[in-house]
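Enquirer: Quick one, upload_2.cif (mmCIF, C-alpha atoms):
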data_model
loop_
_atom_site.group_PDB
_atom_site.id
_atom_site.type_symbol
_atom_site.label_atom_id
_atom_site.label_comp_id
_atom_site.auth_asym_id
_atom_site.auth_seq_id
_atom_site.Cartn_x
_atom_site.Cartn_y
_atom_site.Cartn_z
ATOM 1 C CA MET A 439 23.717 45.074 -47.155
ATOM 2 C CA ASP A 440 24.024 48.487 -48.810
ATOM 3 C CA SER A 441 22.516 46.979 -51.975
ATOM 4 C CA SER A 442 19.587 45.537 -50.057
ATOM 5 C CA VAL A 443 18.837 48.889 -48.418
ATOM 6 C CA ARG A 444 18.932 50.631 -51.811
ATOM 7 C CA CYS A 445 16.596 48.002 -53.296
ATOM 8 C CA ILE A 446 14.062 48.249 -50.488
ATOM 9 C CA ALA A 447 14.195 52.047 -50.593
ATOM 10 C CA TYR A 448 13.576 51.938 -54.353
ATOM 11 C CA SER A 449 10.681 49.532 -53.975
ATOM 12 C CA GLN A 450 9.085 51.843 -51.402
ATOM 13 C CA ARG A 451 9.484 54.983 -53.546
ATOM 14 C CA VAL A 452 8.483 53.637 -56.943
ATOM 15 C CA ASP A 453 5.004 54.526 -58.094
ATOM 16 C CA LEU A 454 3.429 51.109 -57.686
ATOM 17 C CA SER A 455 0.976 51.780 -60.491
ATOM 18 C CA VAL A 456 3.888 52.067 -62.910
ATOM 19 C CA SER A 457 5.150 48.564 -62.304
ATOM 20 C CA TYR A 458 4.141 46.095 -59.659
ATOM 21 C CA ASP A 459 6.577 43.721 -61.348
ATOM 22 C CA ALA A 460 9.527 46.056 -60.733
ATOM 23 C CA THR A 461 8.471 46.650 -57.138
ATOM 24 C CA ALA A 462 8.338 42.927 -56.406
ATOM 25 C CA SER A 463 11.675 42.365 -58.141
ATOM 26 C CA ARG A 464 13.398 45.119 -56.122
ATOM 27 C CA ALA A 465 11.904 43.775 -52.907
ATOM 28 C CA TYR A 466 13.210 40.304 -53.748
ATOM 29 C CA TYR A 467 16.690 41.632 -54.502
ATOM 30 C CA ALA A 468 16.707 43.525 -51.201
ATOM 31 C CA ALA A 469 16.118 40.226 -49.417
ATOM 32 C CA PHE A 470 18.542 38.337 -51.666
ATOM 33 C CA TYR A 471 21.407 40.790 -51.055
ATOM 34 C CA ALA A 472 20.738 40.834 -47.310
ATOM 35 C CA VAL A 473 20.605 37.043 -47.015
ATOM 36 C CA SER A 474 23.683 36.691 -49.223
ATOM 37 C CA ALA A 475 25.575 39.074 -46.914
ATOM 38 C CA PHE A 476 24.303 37.098 -43.924
ATOM 39 C CA PHE A 477 25.724 33.860 -45.308
ATOM 40 C CA ALA A 478 28.956 35.528 -46.496
ATOM 41 C CA ILE A 479 29.710 36.573 -42.930
ATOM 42 C CA GLU A 480 29.355 32.922 -42.008
ATOM 43 C CA GLY A 481 31.777 31.952 -44.774
ATOM 44 C CA ARG A 482 29.240 30.728 -47.318
ATOM 45 C CA GLU A 483 28.579 31.972 -50.827
ATOM 46 C CA PHE A 484 26.070 30.871 -53.429
ATOM 47 C CA THR A 485 25.907 31.371 -57.184
ATOM 48 C CA ARG A 486 22.240 30.536 -57.751
ATOM 49 C CA HIS A 487 19.063 32.084 -56.409
ATOM 50 C CA LYS A 488 17.549 28.661 -55.710
ATOM 51 C CA ALA A 489 20.660 27.758 -53.676
ATOM 52 C CA VAL A 490 20.110 30.786 -51.444
ATOM 53 C CA GLN A 491 16.467 29.806 -51.035
ATOM 54 C CA ALA A 492 17.458 26.244 -50.113
ATOM 55 C CA ALA A 493 19.997 27.559 -47.579
ATOM 56 C CA VAL A 494 17.382 29.826 -45.979
ATOM 57 C CA HIS A 495 15.148 26.827 -45.369
ATOM 58 C CA ARG A 496 17.852 24.289 -44.541
ATOM 59 C CA ASP A 497 20.190 26.410 -42.433
ATOM 60 C CA LEU A 498 17.946 29.058 -40.935
ATOM 61 C CA VAL A 499 14.377 27.766 -40.755
ATOM 62 C CA ASN A 500 14.978 24.044 -40.217
ATOM 63 C CA LEU A 501 17.655 24.766 -37.602
ATOM 64 C CA LYS A 502 15.217 27.141 -35.830
ATOM 65 C CA ARG A 503 17.425 30.189 -36.295
ATOM 66 C CA TRP A 504 14.540 31.882 -38.105
ATOM 67 C CA PRO A 505 10.799 31.255 -37.863
ATOM 68 C CA ALA A 506 9.138 29.384 -40.706
ATOM 69 C CA SER A 507 7.338 32.590 -41.678
ATOM 70 C CA LEU A 508 10.640 34.134 -42.840
ATOM 71 C CA GLY A 509 11.328 31.126 -45.043
ATOM 72 C CA GLU A 510 7.847 31.537 -46.477
ATOM 73 C CA ASP A 511 8.547 35.234 -47.041
ATOM 74 C CA TYR A 512 11.753 34.455 -48.926
ATOM 75 C CA SER A 513 10.080 31.826 -51.121
ATOM 76 C CA TYR A 514 7.161 34.184 -51.781
ATOM 77 C CA LEU A 515 9.540 36.946 -52.876
ATOM 78 C CA LEU A 516 11.391 34.599 -55.221
ATOM 79 C CA GLN A 517 8.093 33.446 -56.723
ATOM 80 C CA LEU A 518 6.964 37.049 -57.280
ATOM 81 C CA ARG A 519 10.307 37.964 -58.808
ATOM 82 C CA ASP A 520 9.980 35.033 -61.226
ATOM 83 C CA THR A 521 6.454 36.148 -62.151
ATOM 84 C CA GLY A 522 7.445 39.783 -62.580
ATOM 85 C CA ASP A 523 10.647 39.147 -64.502
ATOM 86 C CA TYR A 524 9.751 36.020 -66.490
ATOM 87 C CA GLY A 525 5.974 35.646 -66.276
ATOM 88 C CA GLY A 526 5.223 36.773 -69.817
ATOM 89 C CA SER A 527 1.555 37.699 -69.753
ATOM 90 C CA GLN A 528 1.339 37.141 -65.982
ATOM 91 C CA HIS A 529 2.119 40.119 -63.783
ATOM 92 C CA VAL A 530 2.430 40.875 -60.083
ATOM 93 C CA MET A 531 -0.771 42.236 -58.584
ATOM 94 C CA GLU A 532 -0.861 45.436 -56.529
ATOM 95 C CA SER A 533 -1.595 43.626 -53.258
ATOM 96 C CA ASP A 534 1.350 41.300 -53.876
ATOM 97 C CA ALA A 535 3.669 44.245 -54.554
ATOM 98 C CA HIS A 536 2.738 45.774 -51.202
ATOM 99 C CA GLU A 537 3.202 42.428 -49.440
ATOM 100 C CA ALA A 538 6.587 41.987 -51.161
ATOM 101 C CA ILE A 539 7.849 45.219 -49.601
ATOM 102 C CA GLU A 540 6.672 44.094 -46.163
ATOM 103 C CA ALA A 541 8.205 40.620 -46.582
ATOM 104 C CA ALA A 542 11.550 42.091 -47.633
ATOM 105 C CA GLU A 543 11.515 44.421 -44.636
ATOM 106 C CA ARG A 544 10.903 41.461 -42.289
ATOM 107 C CA ILE A 545 13.858 39.623 -43.799
ATOM 108 C CA LEU A 546 16.126 42.673 -43.557
ATOM 109 C CA ASP A 547 15.114 43.075 -39.918
ATOM 110 C CA ALA A 548 15.999 39.436 -39.216
ATOM 111 C CA VAL A 549 19.389 39.785 -40.908
ATOM 112 C CA ARG A 550 20.104 42.978 -38.961
ATOM 113 C CA ASN A 551 19.043 41.286 -35.737
ATOM 114 C CA ASP A 552 21.341 38.295 -36.312
ATOM 115 C CA HIS A 553 24.313 40.258 -37.679
ATOM 116 C CA GLN A 554 24.477 43.785 -36.291
ATOM 117 C CA GLU A 555 27.751 44.306 -38.165
ATOM 118 C CA LEU A 556 25.640 44.518 -41.339
ATOM 119 C CA GLU A 557 23.678 47.497 -40.032
ATOM 120 C CA VAL A 558 23.668 50.437 -42.421
ATOM 121 C CA SER A 559 21.764 53.659 -42.511
ATOM 122 C CA ASP A 560 18.437 53.632 -44.367
ATOM 123 C CA GLU A 561 19.218 57.177 -45.499
ATOM 124 C CA GLU A 562 21.698 56.140 -48.201
#
Take the structure in the file and give it back as structure tokens.
Expert:
Amino acid sequence: MDSSVRCIAYSQRVDLSVSYDATASRAYYAAFYAVSAFFAIEGREFTRHKAVQAAVHRDLVNLKRWPASLGEDYSYLLQLRDTGDYGGSQHVMESDAHEAIEAAERILDAVRNDHQELEVSDEE
């Protein structure tokens, strides 16, 4: 969870005009690290990003532990990360970078709500 807090803090501080791609990537990794910690507490680990995404939908959204909107947020973040990191001539737009930060924050809030033992200070 420490990694996710550092990623979200970075994505909030970075000058968005410098790189919307980097902002979206950091926001995705904040969510990825948080969700990975969530599943690790429950005794599950994944080696692929798509496996984490599938688990979010299968084990959290479909089982009604999380609302569908959080599954959509996670998928959106993964899509933006793919565009920003591997999109070639395609880049993340400013509005998407802002939405990525908000989506990551919603996911971190859900993880914190479900597993208070993961709570860390945002001041790190």
Enquirer: Just the number, please: distance in Å from atom CA of A:His495 to atom CA of A:Gly522, one decimal.
Expert: 22.9 Å
Enquirer: Suppose you want the space between atom CA of A:Asp547 and atom CA of A:Asp511; what is it in Å?
Expert: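 A separation of 12.5 Å between them.
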Enquirer: Could you give me, as a VMD selection string, the residues within 8 Å of stretch 512-517 of chain A, counting all atoms listed in the file and dropping anything in the same chain fewer than 4 positions from it?
Expert: chain A and resid 462 to 463 465 to 466 469 491 494 508 521 538 541 to 542 545
Enquirer: Work out how far atom CA of A:His529 is from atom CA of A:Val549, in Å to one decimal.
Expert: 28.7 Å
Enquirer: What does the PyMOL selection byres ((chain A and resi 531-533) around 12) select in this file, as an mmCIF file with C-alpha atoms, in the coordinates of the input?
Expert:
data_model
loop_
_atom_site.group_PDB
_atom_site.id
_atom_site.type_symbol
_atom_site.label_atom_id
_atom_site.label_comp_id
_atom_site.auth_asym_id
_atom_site.auth_seq_id
_atom_site.Cartn_x
_atom_site.Cartn_y
_atom_site.Cartn_z
ATOM 1 C CA ASP A 453 5.004 54.526 -58.094
ATOM 2 C CA LEU A 454 3.429 51.109 -57.686
ATOM 3 C CA SER A 455 0.976 51.780 -60.491
ATOM 4 C CA VAL A 456 3.888 52.067 -62.910
ATOM 5 C CA SER A 457 5.150 48.564 -62.304
ATOM 6 C CA TYR A 458 4.141 46.095 -59.659
ATOM 7 C CA ASP A 459 6.577 43.721 -61.348
ATOM 8 C CA ALA A 460 9.527 46.056 -60.733
ATOM 9 C CA THR A 461 8.471 46.650 -57.138
ATOM 10 C CA ALA A 462 8.338 42.927 -56.406
ATOM 11 C CA LEU A 518 6.964 37.049 -57.280
ATOM 12 C CA ARG A 519 10.307 37.964 -58.808
ATOM 13 C CA THR A 521 6.454 36.148 -62.151
ATOM 14 C CA GLY A 522 7.445 39.783 -62.580
ATOM 15 C CA GLN A 528 1.339 37.141 -65.982
ATOM 16 C CA HIS A 529 2.119 40.119 -63.783
ATOM 17 C CA VAL A 530 2.430 40.875 -60.083
ATOM 18 C CA ASP A 534 1.350 41.300 -53.876
ATOM 19 C CA ALA A 535 3.669 44.245 -54.554
ATOM 20 C CA HIS A 536 2.738 45.774 -51.202
ATOM 21 C CA GLU A 537 3.202 42.428 -49.440
ATOM 22 C CA ALA A 538 6.587 41.987 -51.161
ATOM 23 C CA ILE A 539 7.849 45.219 -49.601
ATOM 24 C CA GLU A 540 6.672 44.094 -46.163
#
